[in-house]
Amino acid sequence: MNPRTIRITFIGAALALGVASAALAGRVAGPGPTPSVAPAEVDPFSVAGLLAEAPPDVVVIVLEGAPRHPLRGAMPASSFGADDEALVAGAPKVRRIVLAGGDPVRVDRIARKLSSSGRDVRVLAGGLGAWDTAMDADPKAPADGATVEVWAAYRSRLALRRSFGDAAAAPVSPFAAPIAPIAAPGGGGAKKREGC
Amino acid sequence: MSVRVTEAVLIGAGLLALVAAISLLGPAIRHSSKPMPTVLLGGATRAEGCLSCHATMQGLGAAHAGIGCSPCHLGDPTAREERIAHRGLERLPGDLHTSSRTCGQGACHPIEHARVQSSLMARAPGILAVDRFAFGERPTPDGDEADDLPGMDLRKGPISPAELHVRKLCGSCHLAARKERPGDLGEAARGGGCAACHLGAPDVRAGRTGGPLHPDVPADVPERRCVGCHARSGRISLSYRGVVELEPGDPRVVGALWDGRPVGAAPPDVHAKAGMTCIDCHTERELMGDGTPHRHAHEGLEVGCVDCHGGGPSPRVEEPTTPDRERVAELLRKAWDRAGKPALPDGPPLRTRTGTPLWRTHAPSASLALSQTGGRLAIPPAKDGAHHSIGGHERLDCQACHSAWAPRCTSCHTRFDPNGADLDHATGLLTKGSWIETAGGNGLGPPLLAVGPRGAIGPYVEGMRLTIANVVEVPIDRVLWAPLDPHTTAKARPCASCHDPAAVAEVAPSEGETTRSAPARLLTEEERAKLARVGRCIPCHSSYDDVIWRDAAASFSRLAGRSAAPASRAAHDPVLRCRGATGDPAARTPR
C-alpha cells in the first residue's frame, strides 16, 4: 500500500471516529443535575418593610390565593401570563423579586427557575399563612431592659403590622394594587363550571 | 492548495474532532460507568437511575423518602439518558388510571388501592343516581352499576339530560378524575386519585438542604384536602368552620370563597372549635372504602356520635375484630410515630359499632389525639338525663337535635341553553349546551326533620327544590329533600324549634320526596301532629324533667280522657279547646 493511501485511510478513520465519538457523546451523556440553588427566604416583616418603601425596590409576586391581610403592592402571578412558564419568562429582570404562595413546592420550583435565569429571587418564609399570622396581632413588646436596637426593631414591626394588618389604620398607598383572583395555570381557555 | 497541505488540514481536523469527542465522551463515560443508584422497595433492591439527577430532592417524609422516584412517577429507572428515563413518566402519581402500577403496586398499597377503586369517593355513584331520579329518568334514587362517574361511557351518545347535567356541572368531584396539573391546587383541586387526599407540605423537619422541594405523601390527611369538593352540595366543609354561603348583596356577607361565592359567618361545629379536623372522626374505611361498592354515603358511614360519646348500645368494643382493621390501625400508628407526633398512650382504643379501631383514641382515659397537632382532647360522655331518655326521642338521630343550623337554599331553577357551550368535566372538551342555574336564596336555617335512610329521624335540607326547563319535553317541577348531617354540632336546639305548633310545616315538610329510598321518608301527618301536640305543652312544661314527659303518651291520654283531676281539667280546658292539644282536628279552630 502506498503511503498516500495509508494517509488517506488514516484521515478518513480519524474523521469517522471523531464524528462517531461526538455523536455517541451527545447520545450517552446524561443530562446531569440542573444547577439549582435553594432560594433564600425572607420573613413577613422584611417583606412588609420592602413593600412599605416608596417606591418599593422589590416586586412581590403572589402565586395563588389571597391572604387575609392584603400584601399591598404585590402583583398576582396571573399578571405575567397564564401559567408558570409565562411567569418565569415575563418576570422583571432588573428588580428584586419576592415570591409568596401557599404551595411551597411550586414557590420553590419557580424561584429556582427564576434564579437560574439570573434573577435575584427570595421567597416569603412560611408562605401566605405566615404572612397572615404575622399581621394578625401586634408583636410582643420587649422586656423593660431590652436594648435600643430591640426596641427599634419592635417599633418598626409594630408600625408594619398596623399598616398591613389593620385595614382601618392602613395608609392610602399610591402603589396599592388589589390582588385579583389568580387565573389557573394551563391556558386562558374556558374553565370548568360547577353546579350547586 | 497542495495535496500535502490539504492532507495536513484534514489530519488536523480529524485529530481535533477526536480530542473534542474524547472530552465530550469523558463525562458520558464516567456517567455510564458510575454504578446505577439503587433503592429498596418491598424488600427487593432495584435500579433507580433517576437518583443520578434527582438525589437532592427533599420533602418526602420517612415513609416514602427512600424509594426513589420511579415507584410513584414510573418512567424507566434503568435508563441513563433523560429522554428514555422520562418515557411514560406519570406527572400525577396516585391518579387512578395508573395507580395500579404506582401506589397500588404489590410492594406498596395493593389492598388500599383495591378498596379505593370501589369507594364512594372514587365512583361517586350517588351523584348520578340522585340526578337521574331528579330528572325523572329513574323511579327511585337507588341507582345501579351504571351510575359510576368514572364508569360513564364517554364515547356513547346521545346521553341523557341527567348525565349531561352531571358531566357539565359536577363530574370533577370524584377521585378518579384526572387532576388538572401537579402540585397543591388548594381548594380548587379536583380528582387526583390517592394524591387527592395524601398530599402534604414538604417534610423538612430534619432541616432543609439545598435540593428542590417535593410534596410529602402523608398518611394523615389535612382538612385542606377535603374542603374544595365538600364546599359544594351539602357544604359540610364550610358549615363545619362556621362559614355559610349567601346570596350576593346579602347584608350578612363578610367575604368570598376562593371561587368568588359570597359567604357569611355562622357558629362553627363544636368539634371544629375543639381543634378537630375531618379525619379525627372519619375513619379510613369510610374515606377509602371498605371494599363494598356502596351507592350512597350513609351505607359506607361507620362512625357515629355514640362511638366516642357513648349513649348507645355497647359502643366501646375493646376486643380486636378483624385482622384487616387491626393491620390498618397498626400501620397508621406507625405512620404517626414516624411523623414525630406525641406518643399515643398504651391501652385499647374506642371502636365504631362495626369494630373499626378509632386508633388515636384511648378508651381508658376517653381521650383523642388530634390528627394535626397530636394534642390530647378529652371526650365528654353523653350526659344521662331526661333529655336523652324522653319518650319518642329514641327515634331521633343525635344530629336531629344537635345540629345548630344547616345551609338552606329554598329554590333552584335550572334551564338548559342548547346554544351555549361548557366544558365536559368527564372529557375536558368544550361541548355544546350549557346549564344555567339560578339559585333562589342561599342562606342558613334550622335543619328540617324527616326519617333518614337508616330509619332514624334526622336533619334534612332542600335537596333539589327545582324546576328544570328547556331540556326535557315536559318541564320538571319537583321538590326533593335530602338527608344531611350539616356538621354544625352544638348544644341541642330548643324544644320549640321542632315542636312549635305554628311552624310544624316549616320544620317537617309534608310535600315532596326524599332523595333516598325507604326507610327514608317525610314525616306522616300523624307524626307531624304529634310534633305540634307536644309543642302546645312546652310553654308551660318546658323542662325535660317535667312529670308529664315521663310518659307523654299517658299524659295525653289522661288529658284527652278527662281522667285528670278537675282542677287540671279546668286549667287545660282553654288549651284543649283553643289549641287542639289532644290532636282532635275538630278542636283546632280557635275561638
# chains A, B, ... in the order shown; residues from 1 in each chain; ligands from 1
call {"tool": "residues_around", "arguments": {"residues": "Leu238 in chain B", "least_positions_apart": "2", "cutoff": "10 Å", "atoms": "only C-alpha atoms", "output": "list in words"}}
result
Val227, Gly228, His230, Ala231, Arg232, Gly234, Arg235, Ile236, Tyr240, Arg241, Gly242, Val243, Val244, Glu245, Leu257, Val263, Ala265, Ala266, Pro268, Pro407, Pro486, His487 and Thr488 of chain B
call {"tool": "write_last_selection", "arguments": {"atoms": "N, CA and C atoms", "output": "tab-separated table (two decimals), in the first residue's frame"}}
result
chain	number	residue	atom	x	y	z
B	227	VAL	N	-61.69	20.22	51.76
B	227	VAL	CA	-62.54	21.41	51.72
B	227	VAL	C	-63.11	21.70	50.34
B	228	GLY	N	-62.29	21.58	49.32
B	228	GLY	CA	-62.71	22.00	47.98
B	228	GLY	C	-63.97	21.32	47.50
B	230	HIS	N	-66.04	19.33	49.20
B	230	HIS	CA	-67.14	19.30	50.16
B	230	HIS	C	-67.66	20.69	50.51
B	231	ALA	N	-67.24	21.68	49.74
B	231	ALA	CA	-67.82	23.02	49.89
B	231	ALA	C	-68.97	23.21	48.94
B	232	ARG	N	-69.31	22.17	48.20
B	232	ARG	CA	-70.46	22.20	47.29
B	232	ARG	C	-71.54	21.28	47.85
B	234	GLY	N	-73.90	19.73	49.98
B	234	GLY	CA	-74.24	19.91	51.40
B	234	GLY	C	-73.35	20.91	52.12
B	235	ARG	N	-72.24	21.29	51.50
B	235	ARG	CA	-71.36	22.35	52.01
B	235	ARG	C	-70.85	22.08	53.42
B	236	ILE	N	-70.62	20.81	53.73
B	236	ILE	CA	-70.25	20.48	55.11
B	236	ILE	C	-68.90	21.06	55.50
B	240	TYR	N	-68.87	23.36	58.83
B	240	TYR	CA	-68.06	22.89	59.96
B	240	TYR	C	-67.21	24.02	60.54
B	241	ARG	N	-66.73	24.89	59.67
B	241	ARG	CA	-65.90	26.01	60.11
B	241	ARG	C	-66.70	27.28	60.34
B	242	GLY	N	-68.03	27.16	60.30
B	242	GLY	CA	-68.84	28.34	60.58
B	242	GLY	C	-68.92	29.30	59.41
B	243	VAL	N	-68.91	28.78	58.21
B	243	VAL	CA	-69.00	29.61	57.01
B	243	VAL	C	-70.26	29.21	56.26
B	244	VAL	N	-71.04	30.18	55.86
B	244	VAL	CA	-72.29	29.87	55.16
B	244	VAL	C	-72.34	30.67	53.87
B	245	GLU	N	-72.74	29.97	52.81
B	245	GLU	CA	-72.84	30.66	51.51
B	245	GLU	C	-74.11	31.50	51.49
B	257	LEU	N	-65.48	33.13	48.97
B	257	LEU	CA	-64.68	31.91	48.88
B	257	LEU	C	-63.66	32.05	47.76
B	263	VAL	N	-69.89	34.72	51.21
B	263	VAL	CA	-70.14	33.93	52.42
B	263	VAL	C	-70.30	34.85	53.63
B	265	ALA	N	-70.80	34.52	58.24
B	265	ALA	CA	-70.34	33.75	59.39
B	265	ALA	C	-71.53	33.15	60.13
B	266	ALA	N	-71.30	31.97	60.68
B	266	ALA	CA	-72.30	31.26	61.48
B	266	ALA	C	-71.53	30.47	62.55
B	268	PRO	N	-69.52	27.79	64.27
B	268	PRO	CA	-68.85	26.57	63.80
B	268	PRO	C	-69.24	25.36	64.63
B	407	PRO	N	-77.12	24.68	55.94
B	407	PRO	CA	-77.22	25.55	54.76
B	407	PRO	C	-78.53	25.29	54.06
B	486	PRO	N	-75.41	18.22	58.86
B	486	PRO	CA	-74.84	19.50	58.42
B	486	PRO	C	-73.45	19.79	58.97
B	487	HIS	N	-73.00	19.01	59.93
B	487	HIS	CA	-71.68	19.27	60.55
B	487	HIS	C	-71.67	20.62	61.26
B	488	THR	N	-72.75	20.87	62.00
B	488	THR	CA	-72.83	22.10	62.80
B	488	THR	C	-73.19	21.71	64.23
call {"tool": "residues_around", "arguments": {"residues": "range 144-159 of chain A", "least_positions_apart": "2", "cutoff": "12 Å", "atoms": "only C-alpha atoms", "output": "ChimeraX atom specification"}}
result
/A:43-49,52,134-142,161-166,169-171
call {"tool": "atom_distance", "arguments": {"atom1": "CA of Asn419 in chain B", "atom2": "CA of Lys432 in chain B"}}
result
6.6 Å
call {"tool": "select_by_dssp", "arguments": {"residues": "range 330-567 of chain B", "states": "alpha helix (DSSP H)", "output": "PyMOL selection string"}}
result
chain B and resi 330-338+386-389+398-402+495-499+504-507+525-537+552-560+566-567
call {"tool": "residues_around", "arguments": {"residues": "Thr322 in chain B", "least_positions_apart": "3", "cutoff": "9 Å", "atoms": "only C-alpha atoms", "output": "list in words"}}
result
Arg325, Glu326, Arg327, Gly355 and Thr356 of chain B
call {"tool": "closest_residue", "arguments": {"among": "B:Lys168, B:Arg360, B:His54, B:Arg454", "to": "Gly210 in chain B", "atoms": "only C-alpha atoms"}}
result
B:His54
call {"tool": "select_by_dssp", "arguments": {"residues": "range 58-185 of chain A", "states": "strand (DSSP E)", "output": "list of chain:residue names"}}
result
A:Val58, A:Val59, A:Val60, A:Ile61, A:Val62, A:Met75, A:Pro76, A:Arg96, A:Ile97, A:Val98, A:Leu99, A:Ala100, A:Val121, A:Arg122, A:Val123, A:Leu124
call {"tool": "residues_around", "arguments": {"residues": "range 117-123 of chain A", "least_positions_apart": "3", "cutoff": "6 Å", "atoms": "only C-alpha atoms", "output": "PyMOL selection string"}}
result
chain A and resi 39-41+93+96-99+114
call {"tool": "closest_residue", "arguments": {"among": "A:Ala38, A:Ala143, A:Ala82, A:Val88", "to": "chain B", "atoms": "only C-alpha atoms"}}
result
A:Ala38
call {"tool": "closest_residue", "arguments": {"among": "B:Pro475, B:Gly75, B:Pro459, B:Gly433", "to": "Pro509 in chain B", "atoms": "only C-alpha atoms"}}
result
B:Pro459
call {"tool": "residues_around", "arguments": {"residues": "range 463-467 of chain B", "least_positions_apart": "3", "cutoff": "6 Å", "atoms": "only C-alpha atoms", "output": "list in words"}}
result
Ser411, Cys412, His413, Ile476, Asp477, Arg478, Val479, Leu480, Trp481 and Ala482 of chain B
call {"tool": "write_last_selection", "arguments": {"atoms": "C-alpha atoms", "output": "PDB file, in the first residue's frame"}}
result
ATOM      1  CA  SER B 411     -85.303  27.106  45.324  1.00  0.00           C
ATOM      2  CA  CYS B 412     -83.248  26.402  42.296  1.00  0.00           C
ATOM      3  CA  HIS B 413     -84.232  26.941  38.711  1.00  0.00           C
ATOM      4  CA  ILE B 476     -89.743  19.203  35.595  1.00  0.00           C
ATOM      5  CA  ASP B 477     -91.027  20.867  38.736  1.00  0.00           C
ATOM      6  CA  ARG B 478     -90.498  18.857  41.851  1.00  0.00           C
ATOM      7  CA  VAL B 479     -89.492  19.169  45.463  1.00  0.00           C
ATOM      8  CA  LEU B 480     -86.819  16.863  46.775  1.00  0.00           C
ATOM      9  CA  TRP B 481     -85.488  16.691  50.307  1.00  0.00           C
ATOM     10  CA  ALA B 482     -82.022  15.413  51.114  1.00  0.00           C
TER      11      ALA B 482
END
call {"tool": "closest_residue", "arguments": {"among": "B:Pro447, B:Pro93, B:Gly66, B:Gly211", "to": "chain A", "atoms": "only C-alpha atoms"}}
result
B:Gly211
call {"tool": "closest_residue", "arguments": {"among": "A:Arg7, A:Leu124, A:Ser116, A:Pro70", "to": "chain B", "atoms": "only C-alpha atoms"}}
result
A:Arg7
call {"tool": "closest_residue", "arguments": {"among": "B:Arg208, B:Arg115, B:His402, B:His86", "to": "Thr489 in chain B", "atoms": "only C-alpha atoms"}}
result
B:His402
